[in-house]
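Let me begin by presenting the structure, written as structure tokens, before commenting on it.
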Amino acid sequence: MDLRDIYALMDRFDRAAASVLELEMDKTRLRLEKGGAAPGTAAPAAAPVPAGVPAETAASGSFLKAPLVGTFYAAPAPGEPPFVKAGDTVKKGQTVCVLEAMKMMSEVPAPCDCVIEEVLLGDGELAAFDAPLFRIREL
């Protein structure tokens with residue numbers, strides 16, 4: 001099961017009536033659970049914009065956001081060069097960083113052909129779900 005399979009499963013689960021899903025395949029165990037605010041209550045807050053990103057940039061910029069909660073790593077291993085840096089042009093599907101969650105490393109691919117305008121997190125920083133990782137400009 002790769003990251004795309006997990007995303008597809010999450011999408012289907014989100015549209016289903018079930019409130020809990022547990023799946024175990026090979027050495028992968030996944031648990032999805034719906035919850036959140038009851039109808040009529042306030043909507044969840046938007047993902048925070050990292051410090052140092054001006055409000056006007058955040059409102060008008062395009063961001064590559066975290067697909068899961070995890071520790072952000074810009075390089076494949078300590079001491080190696082980062083996958084991408086500001087100013088790099090990347091192709092759709094190219095790995096731009098790794099997020100570590102529960103000892104599992106998940107490569108994060110570029111969603112489209114784009115230019116990395118800014119890297120918003122540093123190595124070892126925690127990325128919240130849907131939090132901006134990179135400011136990008138689509139090509």
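Ligands are numbered from 1 in the order shown, residues from 1 within each chain, and chains are lettered A, B, ... in the order they appear in the structure tokens.
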
**Asked** Which polymer residues have any atom within 9 Å of an atom of segment 5-15 of chain A, counting only C-alpha atoms, with same-chain residues fewer than 6 positions away left out, as number ranges by chain?
**Response** A: 21, 30, 32-34, 67

Serialized selection, C-alpha atoms, as a tab-separated table (two decimals), in the first residue's frame:
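Written out: out_26.tsv:
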chain	number	residue	atom	x	y	z
A	21	LEU	CA	-12.15	2.02	9.58
A	30	LEU	CA	-4.17	2.09	9.31
A	32	LEU	CA	-9.33	6.15	10.23
A	33	GLU	CA	-11.90	7.68	12.53
A	34	LYS	CA	-14.40	10.40	11.86
A	67	PRO	CA	-1.00	15.38	3.53

**Message:** as an MDAnalysis selection string, please: the residues near segment 129-137 of chain A (cut-off 6 Å, only C-alpha atoms, same-chain neighbours under 6 positions excluded).
**Reply:** chainID A and resid 47 62:69 114:120

**Item:** Atomic distance atom CA of Tyr73 of chain A - atom CA of Asp26 of chain A, expressed in Å with one decimal
**Value:**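 We find that atom CA of Tyr73 of chain A and atom CA of Asp26 of chain A lie 25.7 Å from each other.
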
**Asked** Any idea what's packed within 10 Å of Asp113 of chain A, counting only C-alpha atoms, ignoring anything in its chain fewer than 6 positions away? Could you give it as JSON, numbers by chain?
**Response** {"A": [89, 90, 91, 92, 93, 94, 136, 137, 138, 139]}

Selected residues written out, N, CA and C atoms, as a JSON list (two decimals), in the first residue's frame:
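Wrote it out as again_9.json, contents follow:
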[["chain", "number", "residue", "atom", "x", "y", "z"],
["A", 89, "THR", "N", 12.82, 24.25, -9.99],
["A", 89, "THR", "CA", 11.67, 23.86, -10.79],
["A", 89, "THR", "C", 11.51, 22.35, -10.63],
["A", 90, "VAL", "N", 10.31, 21.91, -10.31],
["A", 90, "VAL", "CA", 10.06, 20.48, -10.10],
["A", 90, "VAL", "C", 8.93, 20.00, -11.00],
["A", 91, "LYS", "N", 8.95, 18.72, -11.28],
["A", 91, "LYS", "CA", 7.92, 18.07, -12.10],
["A", 91, "LYS", "C", 6.88, 17.43, -11.20],
["A", 92, "LYS", "N", 5.68, 17.30, -11.72],
["A", 92, "LYS", "CA", 4.60, 16.64, -10.99],
["A", 92, "LYS", "C", 5.07, 15.24, -10.59],
["A", 93, "GLY", "N", 4.86, 14.92, -9.31],
["A", 93, "GLY", "CA", 5.24, 13.61, -8.79],
["A", 93, "GLY", "C", 6.64, 13.53, -8.22],
["A", 94, "GLN", "N", 7.47, 14.54, -8.45],
["A", 94, "GLN", "CA", 8.83, 14.56, -7.93],
["A", 94, "GLN", "C", 8.78, 14.74, -6.41],
["A", 136, "ILE", "N", 4.49, 27.67, -3.61],
["A", 136, "ILE", "CA", 4.82, 27.25, -4.97],
["A", 136, "ILE", "C", 4.16, 28.17, -6.00],
["A", 137, "ARG", "N", 4.72, 28.11, -7.21],
["A", 137, "ARG", "CA", 4.13, 28.80, -8.36],
["A", 137, "ARG", "C", 3.96, 27.75, -9.45],
["A", 138, "GLU", "N", 2.72, 27.49, -9.82],
["A", 138, "GLU", "CA", 2.44, 26.48, -10.84],
["A", 138, "GLU", "C", 2.94, 26.94, -12.19],
["A", 139, "LEU", "N", 3.41, 25.97, -12.99],
["A", 139, "LEU", "CA", 3.87, 26.27, -14.34],
["A", 139, "LEU", "C", 2.83, 25.88, -15.35]]

**Prompt:** Using only C-alpha atoms, which of the listed residues (A:Arg4, A:Ala17, A:Thr28, A:Pro76) sits closest to Val98 of chain A?
**Reply:**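 When distances to Val98 of chain A are compared using only C-alpha atoms, the smallest one comes from A:Pro76.
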